[in-house]
Amino acid sequence: MTLLNLVEISKQYDIKKILDGISFAINSEDRVTIIGKNGAGKSTIMRIVSGDEVADSGDKIEANGIQIKMLPQNPKFPDGISVRKAIELQLTEIQEVLSEYEKVSKELETDFENSELLQKHAKLTTYLDHHSAWNLDDRVERVLGEFRLKEMENRSVNTLSGGEIRRVALAGLLLQKPDILLLDEPTNHLDVYMVEFLEEIILREKFTLLFISHDRYFIDRIATRTLEIEDGKIREFKGGYQSYIEQKNQLVLNMQKQHENLLKFLKQENEWFARGVKARVKRNEGRKSRLLQLREDAKRNPSLIRKMHLELEREKSNFQREKSVNRQKMLFELHEISKSLGGKTLIQNFTYRILQRDRIAVVGRNGTGKSTLLKLLLGKMELDSGKIERGEFKIGYFDQHREMLDDSKNLIETFCPYGGDRVTVRGSSMHVYGYLKQFLFPKEFLDKKVGLLSGGEKNRVALALLFTKEIDCLILDEPTNDLDIATINILEEQLQNFHGAVILVSHDRYFVDKVAKKLLIFQNGEIEESYQEYSEYLQIEREIENLESFEKEVKSEKVERPKSRKAKLSYAEKKILEEYPEKIEKLETEISELETCLGTPECYQKRGISEVSKELEEKREFYEKMVEEYLQIEEKREELEG
C-alpha cells in the first residue's frame, strides 16, 4: 500500500536550488534511507515529508488519515516532568484507544450481536495491532532499559543532557509507531548496543521508515531502498549501503562504457567526414537444514550447547594475540590507573602501553568511561591512582566542540594565519584551495567566515585543519557525528595515510572496522583488548548471548510435558509437505539459469540487466519464503511424531 507520494518536488533557498523536480513513493513497510553530502537537501526532504516545510512546486500526496512523525534534533518537553512521564505523555492516544477497546469489549459481553459495536471493536483491534500496543507497559519497561533511561526514570527530563533527551523522544516515537517514522541521524548519542536494539525493534515491528544516517552498518541492516541526492536530483537504489555501493559501481561502469561507445562513434564519424564518404541458492537450503538439525541435536543433548559456547569463547580469545617485542616508540604507558566519577568506578587498576603506530578504537556502552580515558591521556582529567608516563610527542585532538576554530576568521586566515595561500600537509606544500577541495569545499568558501558555516561544514574545517598539524598521535572523540558519508570516507582516507598513532572513541561500527587495528572494549567494569573487527566482536558476543539464552530454555524444558495426541497437521500443511520439494527444486533450476544469464553478456544484454536482476531477486525472495515455510512445517511434523 502506498502511504506517501512526492511528485516533481522542487525547493529553492535564495538563489540555490536544493531540490529539482524529485519524485519517489513510500509504501507500507518500506525503510528508505537518504544519503548525500551535507547541504545536498536530505533534511529538506525530511521536513517536506513531515509537513514542517512546504515545497515551492510539486505535489505531496498522502494516504487518508496517515500519521507521520519525526524525531526532532532538539526535542522539547514540559518543565518539571519526569523521564517516565515524558515517555508516557507521548502515548496518550494509544492509552485512550486501549481504554476504549476495554470498554467496547465489556459491552460486547452482553450485546455480542451488535453490528455497530463489532465494527468499532474491529477498528480498535486493527489500530492496536498496528501500533503493537497490547503489551504497552512491558514495551515501555524494555525501551527504558535498553536506552539506559531506567536509572533516571524519575529525574526531571529537562535536567538531562541533549543526547539523553533525544533518547527519551526516540523511545516515545518507537512506542507510538506512527504510519511513517522520520529519523534524522538516530544513532547519534546511542552506543552500539542501543543501536542494535533500535535495529531489532524497527525490523521486528515492521516500521515504515524514512531516515538519514551516516552509520553505514545501520543503513545496511535497515534500509530496503537508498535514495542518493546530488545536484538537486535523486537516484534510487535497492537495498542498503553495500548494495548501493555495488549498484553505484555498476552504474559508473555502464556510464564509462557508454562514454567509450560515444567516443568510438565520434571517431568513426570524424573519419567518415575526413574521407568525404557519403552516405543455486541450494546452499541456502542446506544452511537452513543444518541449522534445523543443530537445533534438534541441541534439544536432545544440552552438552552440545556448552561445547559450542566454549568453542565460541575460544574463537574470541584466539584474537587476543600476544604482543611480540616491539621497537616502536612508546607514546603512553599506563600503570595501574584508576578513575571514578559520581561514585561509579570507570577504570580500575588498568595497565597498558600505546605505541607510535597503534590504531586503537575505544568502544563500549555509553557511560562506561571511554571519553574519560581519552581525557586522562590528554591530561584534561586527574587520575585517582596509578600513573601515566608520556613520551616526547605531539598530540592532535578532535572532539565535537571544535575548540580549535575561531568563528571570526575566514578559511584562508584559519589555514594560513601568517599570510600566504599555501599549507604543509605531511611534508608537502599545497595551495590551500587544492587541499580544501579534498574536503569538498568549493573555491568561493575561502573568504567565508567560520561562524557562518553549518555544523557539518565546521567539522570538515576542523578535520582539514587537524591534518595540517605536525603531530605524532591523533585522539578523536566521536569524529563521525554530524559528518555525511562522503566526508567520513575522506576522514578514513586521511587516517589511512597518517603515519602516527590513532586513538578514537566511536559507535560507528563501519568506521571502526575500517580504521582500527585493535579494540579496547569497556564492559562490565573491565577493559578488554581485542584484535578483531568490531562488527565481528559484536557478532560473536550476540551468538554467545543467544546460546546462553537457548541453554536456559533447554534446561527449563527438561521437565517433560505430556504430549497432546490431538495435535496434527492440517490438510494445507500436508499438501505443502507433498508439493513444495518439487516446486523448490524447480525454483532452484530457474535461479541457477538467471545467475548464469547475469554472467553472460549475450544473455543479459538481450533481456536487459536490470530486468534479469529484478526477476532473480523476486525468485530468490519467493524461494526463501517457500523454503522457510516448508522447514517450519517439517519441524512441526517431526515434533508431533517425536
# chains A, B, ... in the order shown; residues from 1 in each chain; ligands from 1

$ residues_around --residues "segment 100-109 of chain A" --least-positions-apart "2" --cutoff "8 Å" --atoms "only C-alpha atoms" --output "ChimeraX atom specification"
/A:96-98,111-114,117-118,120-121,124-125

$ residues_around --residues "Gly391 of chain A" --least-positions-apart "6" --cutoff "12 Å" --atoms "only C-alpha atoms" --output "list in words"
Gln328, Lys329, Met330, Leu331, Phe332, Glu333, Leu334, Arg353, Ile354, Leu355, Gln356, Leu377, Asp472 and Cys473 of chain A

$ atom_distance --atom1 "atom CA of Arg357 of chain A" --atom2 "atom CA of Leu405 of chain A"
27.5 Å

$ residues_around --residues "Arg460 of chain A" --least-positions-apart "4" --cutoff "9 Å" --atoms "only C-alpha atoms" --output "count of residues only"
10

$ select_by_dssp --residues "segment 60-167 of chain A" --states "strand (DSSP E or B)" --output "ChimeraX atom specification"
/A:60-62,68-70,82,156

$ atom_distance --atom1 "atom CA of Glu615 of chain A" --atom2 "atom CA of Ser28 of chain A"
21.7 Å

$ closest_residue --among "A:Tyr433, A:Tyr630, A:Tyr352, A:Phe398" --to "Ile527 of chain A" --atoms "only C-alpha atoms"
A:Tyr352

$ residues_around --residues "Ser385 of chain A" --least-positions-apart "2" --cutoff "10 Å" --atoms "only C-alpha atoms" --output "PyMOL selection string"
chain A and resi 335-340+348-349+382-383+387-388

$ select_by_dssp --residues "segment 321-540 of chain A" --states "alpha helix (DSSP H)" --output "PyMOL selection string"
chain A and resi 370-378+411-415+432-437+455-466+485-497+509-515+534-540

$ residues_around --residues "Gly39 of chain A" --least-positions-apart "2" --cutoff "10 Å" --atoms "only C-alpha atoms" --output "count of residues only"
12

$ atom_distance --atom1 "atom CA of Leu519 of chain A" --atom2 "atom CA of Leu504 of chain A"
9.7 Å

$ closest_residue --among "A:His131, A:Lys449, A:Arg426, A:Lys60" --to "Gln95 of chain A" --atoms "only C-alpha atoms"
A:His131

$ closest_residue --among "A:Val612, A:Ile503, A:Val168, A:Ala40" --to "Ile591 of chain A" --atoms "only C-alpha atoms"
A:Val612

$ closest_residue --among "A:Lys409, A:His189, A:Glu541, A:Lys636" --to "Thr480 of chain A" --atoms "only C-alpha atoms"
A:His189
